[in-house]
Amino acid sequence: MNLKEELHGLNDKLEQFRRKLAAAEKRGDKGIMLQFRQEINAVNKRIASAKTQQTRELSKQGGTVVSLKFKRPLTKAEQADMGKLKKSVKGLVVVHPMTALGREMGIKVVTGFAEKEF
């Protein structure tokens, strides 16, 4: 399972535990309330761990992309026919500013990275 799916599953569990805790508080069941508070703390720790791992992977991926020798912003025409561009440039990596990688790298426009000039 990838990190994105794991985070999604953990957030679902967290929400489920919060709902059950609220129901236990309504009933006044102290034993169950304690159990769900412990479960919530455990899931929060796992979520924090998964998020740091995800950030670490993004930084690593961003480092490999930045290490490519050539980069330049892509024109609207190139963006429109991305398939043709990727076929003509071997090893092209396109980074969009709205993706997690683009935000991590601080990119403002759609940029292409490659080993050779294109």
# chains A, B, ... in the order shown; residues from 1 in each chain; ligands from 1
$ residues_around --residues "stretch 99-105 of chain A" --least-positions-apart "4" --cutoff "12 Å" --atoms "only C-alpha atoms" --output "ChimeraX atom specification"
/A:4,54-66,93-95,109-112
$ residues_around --residues "A:Gly91" --least-positions-apart "2" --cutoff "9 Å" --atoms "only C-alpha atoms" --output "short mmCIF file (atom, residue, chain, number, x, y, z; two decimals) with C-alpha atoms, in the first residue's frame"
data_model
loop_
_atom_site.label_atom_id
_atom_site.label_comp_id
_atom_site.auth_asym_id
_atom_site.auth_seq_id
_atom_site.Cartn_x
_atom_site.Cartn_y
_atom_site.Cartn_z
CA LYS A 86 7.59 13.35 -24.21
CA VAL A 89 12.64 14.21 -25.44
CA VAL A 93 10.11 15.03 -16.34
CA PHE A 113 13.46 18.83 -16.66
CA ALA A 114 15.73 16.65 -18.81
CA GLU A 115 19.33 15.49 -19.21
CA LYS A 116 19.68 17.13 -22.66
#
$ residues_around --residues "A:Ala22" --least-positions-apart "6" --cutoff "12 Å" --atoms "only C-alpha atoms" --output "ChimeraX atom specification"
/A:15-16,28-30,32-34,36-37
$ write_last_selection --atoms "N, CA and C atoms" --output "PDB file, in the first residue's frame"
ATOM      1  N   GLU A  15     -11.459   9.236  12.177  1.00  0.00           N
ATOM      2  CA  GLU A  15     -12.819   9.784  12.185  1.00  0.00           C
ATOM      3  C   GLU A  15     -13.795   8.800  12.829  1.00  0.00           C
ATOM      4  N   GLN A  16     -13.636   7.517  12.536  1.00  0.00           N
ATOM      5  CA  GLN A  16     -14.494   6.487  13.119  1.00  0.00           C
ATOM      6  C   GLN A  16     -14.321   6.453  14.644  1.00  0.00           C
ATOM      7  N   GLY A  28     -21.798   8.137  28.727  1.00  0.00           N
ATOM      8  CA  GLY A  28     -21.087   8.254  29.992  1.00  0.00           C
ATOM      9  C   GLY A  28     -20.277   7.008  30.327  1.00  0.00           C
ATOM     10  N   ASP A  29     -19.888   6.239  29.330  1.00  0.00           N
ATOM     11  CA  ASP A  29     -19.135   4.996  29.516  1.00  0.00           C
ATOM     12  C   ASP A  29     -17.640   5.312  29.580  1.00  0.00           C
ATOM     13  N   LYS A  30     -17.101   5.415  30.803  1.00  0.00           N
ATOM     14  CA  LYS A  30     -15.728   5.873  30.997  1.00  0.00           C
ATOM     15  C   LYS A  30     -14.689   4.890  30.470  1.00  0.00           C
ATOM     16  N   ILE A  32     -14.912   2.778  27.897  1.00  0.00           N
ATOM     17  CA  ILE A  32     -14.872   2.880  26.431  1.00  0.00           C
ATOM     18  C   ILE A  32     -14.261   4.216  26.010  1.00  0.00           C
ATOM     19  N   MET A  33     -14.552   5.293  26.737  1.00  0.00           N
ATOM     20  CA  MET A  33     -13.989   6.603  26.407  1.00  0.00           C
ATOM     21  C   MET A  33     -12.467   6.565  26.509  1.00  0.00           C
ATOM     22  N   LEU A  34     -11.948   5.947  27.550  1.00  0.00           N
ATOM     23  CA  LEU A  34     -10.507   5.824  27.725  1.00  0.00           C
ATOM     24  C   LEU A  34      -9.883   5.018  26.595  1.00  0.00           C
ATOM     25  N   PHE A  36     -10.995   4.606  23.488  1.00  0.00           N
ATOM     26  CA  PHE A  36     -10.998   5.331  22.218  1.00  0.00           C
ATOM     27  C   PHE A  36     -10.037   6.518  22.237  1.00  0.00           C
ATOM     28  N   ARG A  37      -9.816   7.134  23.392  1.00  0.00           N
ATOM     29  CA  ARG A  37      -8.811   8.201  23.468  1.00  0.00           C
ATOM     30  C   ARG A  37      -7.419   7.641  23.197  1.00  0.00           C
TER      31      ARG A  37
END
$ select_by_dssp --residues "stretch 3-116 of chain A" --states "strand (DSSP E or B)" --output "VMD selection string"
chain A and resid 70 to 73 93 to 95 111 to 114
$ write_last_selection --atoms "N, CA and C atoms" --output "short mmCIF file (atom, residue, chain, number, x, y, z; two decimals), in the first residue's frame"
data_model
loop_
_atom_site.label_atom_id
_atom_site.label_comp_id
_atom_site.auth_asym_id
_atom_site.auth_seq_id
_atom_site.Cartn_x
_atom_site.Cartn_y
_atom_site.Cartn_z
N PHE A 70 19.18 20.12 -17.47
CA PHE A 70 18.50 21.18 -18.22
C PHE A 70 17.07 21.33 -17.72
N LYS A 71 16.63 22.57 -17.59
CA LYS A 71 15.23 22.84 -17.23
C LYS A 71 14.78 24.12 -17.91
N ARG A 72 13.48 24.14 -18.24
CA ARG A 72 12.90 25.36 -18.78
C ARG A 72 11.38 25.28 -18.68
N PRO A 73 10.72 26.44 -18.61
CA PRO A 73 9.25 26.45 -18.60
C PRO A 73 8.72 25.96 -19.95
N VAL A 93 10.95 15.02 -17.53
CA VAL A 93 10.11 15.03 -16.34
C VAL A 93 9.41 16.38 -16.30
N VAL A 94 8.08 16.36 -16.32
CA VAL A 94 7.29 17.58 -16.30
C VAL A 94 6.73 17.76 -14.90
N VAL A 95 6.95 18.94 -14.32
CA VAL A 95 6.47 19.24 -12.98
C VAL A 95 5.49 20.40 -13.05
N THR A 111 7.08 23.26 -15.70
CA THR A 111 8.49 23.22 -16.07
C THR A 111 8.89 21.82 -16.47
N GLY A 112 9.74 21.73 -17.48
CA GLY A 112 10.26 20.45 -17.93
C GLY A 112 11.72 20.31 -17.53
N PHE A 113 12.09 19.13 -17.06
CA PHE A 113 13.46 18.83 -16.66
C PHE A 113 13.94 17.65 -17.50
N ALA A 114 15.17 17.73 -18.00
CA ALA A 114 15.73 16.65 -18.81
C ALA A 114 17.26 16.68 -18.73
#
$ residues_around --residues "A:Asn44" --least-positions-apart "4" --cutoff "10 Å" --atoms "only C-alpha atoms" --output "count of residues only"
9
$ closest_residue --among "A:Lys45, A:Lys51, A:Lys26, A:Lys76" --to "A:Leu7" --atoms "only C-alpha atoms"
A:Lys51
$ atom_distance --atom1 "atom CA of A:Ser67" --atom2 "atom CA of A:Glu5"
28.7 Å
$ select_by_dssp --residues "chain A" --states "helix (DSSP H, G or I)" --output "number ranges by chain"
A: 3-27, 30-66, 76-80, 82-88, 100-105
